[in-house]
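Trainee: Just one file: run-v9.csv, with CSV, C-alpha atoms.
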chain,number,residue,atom,x,y,z
A,1,MET,CA,0.0,0.0,0.0
A,2,SER,CA,2.8,2.4,0.8
A,3,GLY,CA,4.5,1.9,-2.6
A,4,GLU,CA,1.4,2.9,-4.8
A,5,ALA,CA,1.0,6.5,-6.2
A,6,THR,CA,-1.8,8.4,-4.7
A,7,PRO,CA,-3.7,10.4,-7.3
A,8,PHE,CA,-4.6,14.1,-6.6
A,9,PRO,CA,-8.2,14.6,-5.7
A,10,GLN,CA,-10.5,16.3,-8.3
A,11,GLU,CA,-11.1,19.2,-6.0
A,12,SER,CA,-7.3,20.0,-5.8
A,13,ALA,CA,-7.1,20.1,-9.7
A,14,ASP,CA,-9.9,22.5,-9.9
A,15,THR,CA,-8.3,24.6,-7.2
A,16,LEU,CA,-5.0,24.9,-9.2
A,17,ASN,CA,-6.9,25.9,-12.3
A,18,THR,CA,-8.7,28.7,-10.6
A,19,SER,CA,-5.6,30.0,-8.7
A,20,GLY,CA,-3.1,29.6,-11.5
A,21,GLU,CA,-3.2,30.3,-15.3
A,22,ALA,CA,-6.4,30.1,-17.3
A,23,PRO,CA,-7.3,26.8,-18.9
A,24,ALA,CA,-5.8,26.2,-22.3
A,25,GLU,CA,-9.1,26.2,-24.1
A,26,VAL,CA,-9.9,29.8,-22.9
A,27,THR,CA,-8.1,32.4,-25.3
A,28,ALA,CA,-7.4,36.1,-25.0
A,29,GLU,CA,-9.8,36.9,-27.8
A,30,GLN,CA,-12.6,35.3,-25.9
A,31,ALA,CA,-12.0,37.3,-22.8
A,32,PRO,CA,-14.3,40.3,-22.5
A,33,ALA,CA,-12.7,43.8,-22.9
A,34,PRO,CA,-13.5,45.8,-19.8
A,35,GLU,CA,-12.9,49.2,-21.5
A,36,ALA,CA,-15.3,48.5,-24.3
A,37,ALA,CA,-17.9,47.3,-21.9
A,38,ALA,CA,-17.5,50.5,-19.9
A,39,GLU,CA,-17.7,52.9,-22.9
A,40,ALA,CA,-20.7,51.3,-24.6
A,41,PRO,CA,-23.2,52.3,-22.0
A,42,SER,CA,-21.8,55.9,-21.8
A,43,ALA,CA,-21.9,56.5,-25.6
A,44,SER,CA,-25.6,55.7,-25.7
A,45,ALA,CA,-26.5,56.9,-22.3
A,46,ASP,CA,-26.8,60.7,-22.9
A,47,PRO,CA,-27.2,61.8,-26.6
A,48,GLU,CA,-28.1,65.3,-25.5
A,49,GLN,CA,-24.6,65.6,-24.0
A,50,ARG,CA,-23.1,64.5,-27.2
A,51,VAL,CA,-25.1,67.1,-29.1
A,52,ARG,CA,-23.9,69.8,-26.8
A,53,GLU,CA,-20.3,68.7,-27.3
A,54,LEU,CA,-20.7,68.9,-31.1
A,55,GLU,CA,-22.3,72.3,-30.9
A,56,ALA,CA,-19.4,73.5,-28.8
A,57,GLU,CA,-16.9,72.1,-31.3
A,58,LEU,CA,-18.9,73.9,-34.1
A,59,GLU,CA,-18.8,77.2,-32.3
A,60,ALA,CA,-15.0,76.8,-31.8
A,61,LEU,CA,-14.5,76.0,-35.5
A,62,LYS,CA,-16.6,79.1,-36.4
A,63,ALA,CA,-14.5,81.3,-34.2
A,64,GLU,CA,-11.3,79.8,-35.6
A,65,HIS,CA,-12.6,80.4,-39.1
A,66,GLU,CA,-13.3,84.1,-38.4
A,67,THR,CA,-9.9,84.5,-36.9
A,68,VAL,CA,-8.2,83.0,-40.0
A,69,ARG,CA,-10.5,85.0,-42.3
A,70,SER,CA,-9.5,88.3,-40.5
A,71,GLN,CA,-5.9,87.4,-40.8
A,72,TYR,CA,-6.3,86.7,-44.5
A,73,MET,CA,-8.0,90.0,-45.1
A,74,ARG,CA,-5.3,91.9,-43.3
A,75,ILE,CA,-2.6,90.1,-45.2
A,76,ALA,CA,-4.4,90.8,-48.5
A,77,ALA,CA,-4.7,94.5,-47.7
A,78,ASP,CA,-1.1,94.7,-46.7
A,79,PHE,CA,0.0,93.0,-49.9
A,80,ASP,CA,-2.1,95.4,-52.0
A,81,ASN,CA,-0.6,98.4,-50.2
A,82,PHE,CA,2.9,96.9,-50.7
A,83,ARG,CA,2.2,96.4,-54.4
A,84,LYS,CA,0.9,100.0,-54.8
A,85,ARG,CA,3.9,101.3,-52.9
A,86,GLN,CA,6.3,99.3,-55.0
A,87,SER,CA,4.7,100.7,-58.1
A,88,ARG,CA,5.0,104.3,-56.9
A,89,ASP,CA,8.6,103.7,-55.9
A,90,GLN,CA,9.4,102.3,-59.3
A,91,ASP,CA,7.7,105.3,-61.0
A,92,ASP,CA,9.6,107.7,-58.8
A,93,LEU,CA,12.8,105.9,-59.5
A,94,ARG,CA,12.2,106.1,-63.3
A,95,VAL,CA,11.4,109.8,-63.0
A,96,GLN,CA,14.6,110.4,-61.0
A,97,ILE,CA,16.7,108.6,-63.5
A,98,ALA,CA,15.1,110.5,-66.4
A,99,CYS,CA,15.6,113.8,-64.6
A,100,SER,CA,19.2,113.0,-63.8
A,101,THR,CA,19.9,112.0,-67.4
A,102,LEU,CA,18.1,114.9,-69.0
A,103,SER,CA,19.7,117.4,-66.7
A,104,GLU,CA,23.1,116.3,-68.0
A,105,ILE,CA,21.9,116.9,-71.6
A,106,LEU,CA,20.3,120.3,-71.0
A,107,PRO,CA,23.6,122.2,-71.1
A,108,VAL,CA,24.1,120.8,-74.7
A,109,VAL,CA,20.7,122.3,-75.6
A,110,ASP,CA,21.7,125.6,-74.1
A,111,ASN,CA,24.9,125.6,-76.2
A,112,PHE,CA,22.8,124.9,-79.3
A,113,GLU,CA,20.5,127.8,-78.6
A,114,ARG,CA,23.4,130.2,-78.0
A,115,ALA,CA,25.1,129.2,-81.2
A,116,ARG,CA,21.8,129.5,-83.1
A,117,GLN,CA,21.4,133.1,-81.9
A,118,GLN,CA,24.9,134.1,-82.8
A,119,LEU,CA,24.9,132.5,-86.3
A,120,GLU,CA,24.1,135.0,-89.1
A,121,PRO,CA,25.1,133.2,-92.3
A,122,GLN,CA,25.7,135.3,-95.3
A,123,ALA,CA,27.3,133.1,-97.9
A,124,GLU,CA,25.5,130.2,-99.5
A,125,GLU,CA,27.9,127.7,-97.9
A,126,ALA,CA,27.3,129.2,-94.5
A,127,GLN,CA,23.6,129.0,-95.0
A,128,THR,CA,23.9,125.3,-95.9
A,129,ILE,CA,25.7,124.7,-92.7
A,130,HIS,CA,23.2,126.8,-90.8
A,131,ARG,CA,20.3,124.7,-92.2
A,132,SER,CA,22.0,121.5,-91.2
A,133,TYR,CA,22.5,122.9,-87.7
A,134,GLN,CA,18.8,123.9,-87.5
A,135,GLY,CA,17.8,120.3,-88.5
A,136,LEU,CA,19.9,118.8,-85.7
A,137,TYR,CA,18.5,121.2,-83.2
A,138,LYS,CA,15.0,120.5,-84.3
A,139,GLN,CA,15.6,116.8,-84.0
A,140,LEU,CA,16.9,117.3,-80.4
A,141,VAL,CA,13.9,119.3,-79.5
A,142,ASP,CA,11.5,116.7,-80.9
A,143,VAL,CA,13.2,114.0,-78.8
A,144,PHE,CA,12.8,116.1,-75.7
A,145,LYS,CA,9.1,116.5,-76.5
A,146,GLN,CA,8.6,112.8,-76.9
A,147,LEU,CA,10.2,112.3,-73.5
A,148,GLY,CA,7.7,114.8,-71.9
A,149,VAL,CA,10.2,117.7,-71.7
A,150,SER,CA,8.7,121.2,-72.3
A,151,PRO,CA,10.4,124.6,-71.9
A,152,MET,CA,9.1,127.3,-69.6
A,153,ARG,CA,7.8,130.6,-70.8
A,154,VAL,CA,8.7,133.1,-68.1
A,155,GLU,CA,9.1,136.6,-69.5
A,156,GLY,CA,6.3,138.9,-68.2
A,157,GLU,CA,5.1,136.3,-65.7
A,158,PRO,CA,4.9,136.9,-61.9
A,159,PHE,CA,8.0,135.6,-60.1
A,160,ASP,CA,7.4,132.1,-58.7
A,161,PRO,CA,10.1,130.6,-56.5
A,162,ASN,CA,8.8,127.2,-57.4
A,163,LEU,CA,9.6,127.7,-61.0
A,164,HIS,CA,12.2,130.6,-61.2
A,165,GLU,CA,15.5,131.4,-59.6
A,166,ALA,CA,16.1,135.2,-59.4
A,167,VAL,CA,19.6,136.0,-60.4
A,168,LEU,CA,19.2,139.8,-60.8
A,169,ARG,CA,16.7,142.4,-59.6
A,170,GLU,CA,16.6,145.8,-61.1
A,171,PRO,CA,14.2,148.8,-61.4
A,172,SER,CA,11.9,148.8,-64.4
A,173,GLU,CA,9.5,151.4,-65.8
A,174,GLU,CA,7.7,148.9,-67.9
A,175,HIS,CA,7.0,146.1,-65.4
A,176,MET,CA,5.5,146.0,-62.0
A,177,GLU,CA,7.4,144.6,-59.0
A,178,ASP,CA,8.2,140.9,-58.9
A,179,VAL,CA,7.6,140.4,-62.6
A,180,VAL,CA,10.1,138.5,-64.7
A,181,ILE,CA,11.9,140.9,-67.0
A,182,ALA,CA,14.2,138.5,-68.9
A,183,GLU,CA,15.1,134.9,-69.0
A,184,LEU,CA,18.8,134.3,-68.5
A,185,GLN,CA,18.7,130.5,-68.7
A,186,ARG,CA,15.6,128.5,-69.9
A,187,GLY,CA,13.8,126.3,-67.4
A,188,TYR,CA,12.1,123.1,-68.3
A,189,HIS,CA,9.3,120.9,-67.2
A,190,LEU,CA,9.2,117.1,-67.3
A,191,ASN,CA,5.6,115.8,-67.4
A,192,GLY,CA,4.5,118.7,-65.2
A,193,ARG,CA,7.4,118.4,-62.8
A,194,VAL,CA,10.2,121.0,-62.6
A,195,LEU,CA,13.2,119.6,-64.4
A,196,ARG,CA,15.3,122.8,-64.1
A,197,HIS,CA,14.4,126.1,-62.6
A,198,ALA,CA,14.6,129.1,-65.0
A,199,LEU,CA,17.3,131.7,-64.2
A,200,VAL,CA,15.6,135.1,-64.5
A,201,LYS,CA,15.9,138.8,-64.0
A,202,VAL,CA,13.1,140.2,-61.8
A,203,SER,CA,11.7,143.7,-61.8
A,204,MET,CA,11.8,145.9,-58.6
A,205,GLY,CA,9.2,148.3,-60.0
A,206,PRO,CA,9.7,151.9,-61.0
A,207,GLY,CA,12.8,153.5,-59.5
A,208,PRO,CA,12.7,156.8,-57.5
A,209,GLY,CA,11.0,159.5,-59.5
A,210,GLY,CA,9.9,157.1,-62.2
A,211,SER,CA,6.5,157.0,-63.8
A,212,GLU,CA,3.7,154.8,-62.5
A,213,PRO,CA,3.7,151.3,-63.9
A,214,ALA,CA,1.3,150.2,-66.5
A,215,PRO,CA,-2.2,149.2,-65.2
A,216,ALA,CA,-2.6,145.5,-64.3
A,217,ASP,CA,-5.4,145.1,-66.9
A,218,SER,CA,-3.0,146.2,-69.7
A,219,ALA,CA,-0.3,143.7,-68.7
A,220,PRO,CA,-2.0,140.6,-70.3
A,221,ALA,CA,-2.5,142.4,-73.6
A,222,GLU,CA,1.2,143.3,-73.6
A,223,HIS,CA,2.1,139.7,-72.8
A,224,GLU,CA,-0.1,138.4,-75.5
A,225,ALA,CA,1.5,140.7,-78.1
What does the file become when written as structure tokens?

Mentor:
Amino acid sequence: MSGEATPFPQESADTLNTSGEAPAEVTAEQAPAPEAAAEAPSASADPEQRVRELEAELEALKAEHETVRSQYMRIAADFDNFRKRQSRDQDDLRVQIACSTLSEILPVVDNFERARQQLEPQAEEAQTIHRSYQGLYKQLVDVFKQLGVSPMRVEGEPFDPNLHEAVLREPSEEHMEDVVIAELQRGYHLNGRVLRHALVKVSMGPGPGGSEPAPADSAPAEHEA
């Protein structure tokens, strides 16, 4: 009797299975998921709460949309202002370059005019040269016109410091005070902008003991003549 193996009781085997590992026939897939079991009731328990959450999310998205839209509008306005400013700067730069270049050429035009006033050709050969010179001068003037350059007409006009630069002032019996008597160097406009101020001689009015100046209403007729 003492040499035979004593089998374990059935109750002991069941006790080991319950206190140790799960039986082999029970797999992990078959075990219920506690999280899913906990979430399922809460998802369907309060639909009104879910609706309120979705409405809150919608309001948040609307607010974010308005913020992004406002930022976009500001950026678009800033870009439009930048584009206009760049265009103005480019126009100003082109005008500055044109003014600088033309200002260098104006002394050549002055020399042409002085030579034209001094030339008095008598012989046929001299007249031929004079006509050639006049053709070159006219071509130069036409190029200036195409570029928007126009000469000022200042004699008999009231002195304007924005257009004129007074070099001399002298009494005059024919002109009122602060009227341009003579043009010493021609001034020019470039598309309405002053390219070069005119150097002028300005009247100081009649001198001591002089006669009264001509009435103001007769000045325009004299200027037109």

Trainee: How many Å separate atom CA of A:Lys62 from atom CA of A:Arg74?

Mentor: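 Value for the atom CA of A:Lys62-atom CA of A:Arg74 distance: 18.4 Å.
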
Trainee: Report, in Å with one decimal, the straight-line distance from atom CA of A:Ser203 to atom CA of A:Met152.

Mentor: 18.3 Å

Trainee: Quick one: everything within 8 Å of stretch 158-170 of chain A, counting only C-alpha atoms, minus sequence neighbours fewer than 4 positions away in the same chain. Send it as a PyMOL selection string.

Mentor: chain A and resi 178-180+187+194+197-205

Trainee: What does the distance from atom CA of A:Glu183 to atom CA of A:Val154 come to in Å, to one decimal?

Mentor: 6.7 Å

Trainee: Need to verify the contact set: stretch 95-104 of chain A, 8 Å, all atoms listed in the file, exclusion of same-chain residues closer than 6 positions in sequence. Can you return it as a list in words?

Mentor: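 Answer for this query is Leu190, Leu195 and Arg196 of chain A.
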
Trainee: Determine the nearest neighbour of A:Gln134 from the options A:Glu177, A:Glu53, A:Asp89, A:Glu113, counting only C-alpha atoms.

Mentor: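 Among the listed residues, A:Glu113 lies closest to A:Gln134.
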
Trainee: Determine the nearest neighbour of A:Glu157 from the options A:Lys138, A:Lys145, A:His175, A:His130, counting all atoms listed in the file.

Mentor: A:His175

Trainee: Could you give me, as number ranges by chain, the residues within 8 Å of stretch 106-112 of chain A, counting only C-alpha atoms and dropping anything in the same chain fewer than 4 positions from it?

Mentor: A: 102, 116, 137, 140, 185-186

Trainee: Could I get stretch 66-78 of chain A from the block written out with all heavy atoms, as a PDB file, in the first residue's frame?

Mentor:
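Output file decode-v3.pdb is given in full below:
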ATOM      1  N   GLU A  66     -13.329  82.632 -38.345  1.00  0.00           N
ATOM      2  CA  GLU A  66     -13.341  84.090 -38.370  1.00  0.00           C
ATOM      3  C   GLU A  66     -11.954  84.660 -38.127  1.00  0.00           C
ATOM      4  O   GLU A  66     -11.547  85.646 -38.749  1.00  0.00           O
ATOM      5  CB  GLU A  66     -14.320  84.619 -37.318  1.00  0.00           C
ATOM      6  CG  GLU A  66     -15.767  84.538 -37.736  1.00  0.00           C
ATOM      7  CD  GLU A  66     -16.053  85.355 -38.983  1.00  0.00           C
ATOM      8  OE1 GLU A  66     -15.493  86.463 -39.096  1.00  0.00           O
ATOM      9  OE2 GLU A  66     -16.823  84.891 -39.835  1.00  0.00           O
ATOM     10  N   THR A  67     -11.203  84.056 -37.223  1.00  0.00           N
ATOM     11  CA  THR A  67      -9.852  84.527 -36.944  1.00  0.00           C
ATOM     12  C   THR A  67      -8.960  84.385 -38.178  1.00  0.00           C
ATOM     13  O   THR A  67      -8.241  85.320 -38.559  1.00  0.00           O
ATOM     14  CB  THR A  67      -9.249  83.742 -35.773  1.00  0.00           C
ATOM     15  OG1 THR A  67     -10.079  83.904 -34.622  1.00  0.00           O
ATOM     16  CG2 THR A  67      -7.843  84.232 -35.461  1.00  0.00           C
ATOM     17  N   VAL A  68      -9.029  83.211 -38.815  1.00  0.00           N
ATOM     18  CA  VAL A  68      -8.218  82.988 -40.019  1.00  0.00           C
ATOM     19  C   VAL A  68      -8.646  83.918 -41.142  1.00  0.00           C
ATOM     20  O   VAL A  68      -7.813  84.459 -41.879  1.00  0.00           O
ATOM     21  CB  VAL A  68      -8.327  81.508 -40.445  1.00  0.00           C
ATOM     22  CG1 VAL A  68      -7.634  81.282 -41.776  1.00  0.00           C
ATOM     23  CG2 VAL A  68      -7.727  80.602 -39.387  1.00  0.00           C
ATOM     24  N   ARG A  69      -9.969  84.132 -41.266  1.00  0.00           N
ATOM     25  CA  ARG A  69     -10.460  85.029 -42.317  1.00  0.00           C
ATOM     26  C   ARG A  69      -9.983  86.458 -42.086  1.00  0.00           C
ATOM     27  O   ARG A  69      -9.572  87.156 -43.025  1.00  0.00           O
ATOM     28  CB  ARG A  69     -11.990  84.987 -42.347  1.00  0.00           C
ATOM     29  CG  ARG A  69     -12.622  85.852 -43.423  1.00  0.00           C
ATOM     30  CD  ARG A  69     -14.133  85.677 -43.440  1.00  0.00           C
ATOM     31  NE  ARG A  69     -14.749  86.535 -44.418  1.00  0.00           N
ATOM     32  CZ  ARG A  69     -15.088  87.806 -44.212  1.00  0.00           C
ATOM     33  NH1 ARG A  69     -14.857  88.344 -43.018  1.00  0.00           N
ATOM     34  NH2 ARG A  69     -15.632  88.529 -45.162  1.00  0.00           N
ATOM     35  N   SER A  70     -10.016  86.918 -40.841  1.00  0.00           N
ATOM     36  CA  SER A  70      -9.535  88.266 -40.530  1.00  0.00           C
ATOM     37  C   SER A  70      -8.046  88.393 -40.830  1.00  0.00           C
ATOM     38  O   SER A  70      -7.600  89.407 -41.390  1.00  0.00           O
ATOM     39  CB  SER A  70      -9.811  88.593 -39.064  1.00  0.00           C
ATOM     40  OG  SER A  70     -11.196  88.548 -38.787  1.00  0.00           O
ATOM     41  N   GLN A  71      -7.284  87.378 -40.478  1.00  0.00           N
ATOM     42  CA  GLN A  71      -5.852  87.406 -40.786  1.00  0.00           C
ATOM     43  C   GLN A  71      -5.615  87.450 -42.293  1.00  0.00           C
ATOM     44  O   GLN A  71      -4.747  88.182 -42.774  1.00  0.00           O
ATOM     45  CB  GLN A  71      -5.174  86.180 -40.179  1.00  0.00           C
ATOM     46  CG  GLN A  71      -5.130  86.186 -38.664  1.00  0.00           C
ATOM     47  CD  GLN A  71      -4.535  84.913 -38.102  1.00  0.00           C
ATOM     48  OE1 GLN A  71      -4.290  83.950 -38.835  1.00  0.00           O
ATOM     49  NE2 GLN A  71      -4.321  84.890 -36.795  1.00  0.00           N
ATOM     50  N   TYR A  72      -6.407  86.677 -43.033  1.00  0.00           N
ATOM     51  CA  TYR A  72      -6.261  86.676 -44.499  1.00  0.00           C
ATOM     52  C   TYR A  72      -6.578  88.050 -45.081  1.00  0.00           C
ATOM     53  O   TYR A  72      -5.866  88.544 -45.957  1.00  0.00           O
ATOM     54  CB  TYR A  72      -7.182  85.627 -45.110  1.00  0.00           C
ATOM     55  CG  TYR A  72      -7.326  85.762 -46.616  1.00  0.00           C
ATOM     56  CD1 TYR A  72      -6.315  85.333 -47.467  1.00  0.00           C
ATOM     57  CD2 TYR A  72      -8.475  86.332 -47.161  1.00  0.00           C
ATOM     58  CE1 TYR A  72      -6.442  85.472 -48.830  1.00  0.00           C
ATOM     59  CE2 TYR A  72      -8.606  86.471 -48.525  1.00  0.00           C
ATOM     60  CZ  TYR A  72      -7.594  86.037 -49.363  1.00  0.00           C
ATOM     61  OH  TYR A  72      -7.716  86.190 -50.719  1.00  0.00           O
ATOM     62  N   MET A  73      -7.649  88.695 -44.586  1.00  0.00           N
ATOM     63  CA  MET A  73      -8.016  90.012 -45.099  1.00  0.00           C
ATOM     64  C   MET A  73      -6.934  91.036 -44.800  1.00  0.00           C
ATOM     65  O   MET A  73      -6.605  91.876 -45.654  1.00  0.00           O
ATOM     66  CB  MET A  73      -9.348  90.456 -44.483  1.00  0.00           C
ATOM     67  CG  MET A  73     -10.533  89.587 -44.867  1.00  0.00           C
ATOM     68  SD  MET A  73     -10.862  89.583 -46.646  1.00  0.00           S
ATOM     69  CE  MET A  73     -11.408  91.273 -46.879  1.00  0.00           C
ATOM     70  N   ARG A  74      -6.347  90.967 -43.615  1.00  0.00           N
ATOM     71  CA  ARG A  74      -5.271  91.903 -43.287  1.00  0.00           C
ATOM     72  C   ARG A  74      -4.052  91.668 -44.168  1.00  0.00           C
ATOM     73  O   ARG A  74      -3.430  92.620 -44.661  1.00  0.00           O
ATOM     74  CB  ARG A  74      -4.890  91.768 -41.807  1.00  0.00           C
ATOM     75  CG  ARG A  74      -5.911  92.368 -40.849  1.00  0.00           C
ATOM     76  CD  ARG A  74      -5.310  92.523 -39.464  1.00  0.00           C
ATOM     77  NE  ARG A  74      -4.934  91.235 -38.900  1.00  0.00           N
ATOM     78  CZ  ARG A  74      -5.738  90.498 -38.150  1.00  0.00           C
ATOM     79  NH1 ARG A  74      -6.970  90.912 -37.895  1.00  0.00           N
ATOM     80  NH2 ARG A  74      -5.343  89.346 -37.664  1.00  0.00           N
ATOM     81  N   ILE A  75      -3.714  90.406 -44.385  1.00  0.00           N
ATOM     82  CA  ILE A  75      -2.557  90.098 -45.231  1.00  0.00           C
ATOM     83  C   ILE A  75      -2.808  90.551 -46.665  1.00  0.00           C
ATOM     84  O   ILE A  75      -1.913  91.108 -47.336  1.00  0.00           O
ATOM     85  CB  ILE A  75      -2.251  88.593 -45.172  1.00  0.00           C
ATOM     86  CG1 ILE A  75      -1.757  88.207 -43.777  1.00  0.00           C
ATOM     87  CG2 ILE A  75      -1.210  88.204 -46.220  1.00  0.00           C
ATOM     88  CD1 ILE A  75      -1.581  86.717 -43.581  1.00  0.00           C
ATOM     89  N   ALA A  76      -4.038  90.328 -47.163  1.00  0.00           N
ATOM     90  CA  ALA A  76      -4.367  90.759 -48.522  1.00  0.00           C
ATOM     91  C   ALA A  76      -4.287  92.271 -48.653  1.00  0.00           C
ATOM     92  O   ALA A  76      -3.770  92.800 -49.647  1.00  0.00           O
ATOM     93  CB  ALA A  76      -5.767  90.259 -48.901  1.00  0.00           C
ATOM     94  N   ALA A  77      -4.783  93.004 -47.642  1.00  0.00           N
ATOM     95  CA  ALA A  77      -4.712  94.469 -47.679  1.00  0.00           C
ATOM     96  C   ALA A  77      -3.262  94.945 -47.607  1.00  0.00           C
ATOM     97  O   ALA A  77      -2.864  95.869 -48.339  1.00  0.00           O
ATOM     98  CB  ALA A  77      -5.524  95.059 -46.530  1.00  0.00           C
ATOM     99  N   ASP A  78      -2.463  94.319 -46.752  1.00  0.00           N
ATOM    100  CA  ASP A  78      -1.053  94.692 -46.657  1.00  0.00           C
ATOM    101  C   ASP A  78      -0.327  94.426 -47.966  1.00  0.00           C
ATOM    102  O   ASP A  78       0.510  95.241 -48.405  1.00  0.00           O
ATOM    103  CB  ASP A  78      -0.375  93.922 -45.521  1.00  0.00           C
ATOM    104  CG  ASP A  78      -0.869  94.355 -44.155  1.00  0.00           C
ATOM    105  OD1 ASP A  78      -1.444  95.463 -44.064  1.00  0.00           O
ATOM    106  OD2 ASP A  78      -0.695  93.583 -43.196  1.00  0.00           O
TER     107      ASP A  78
END
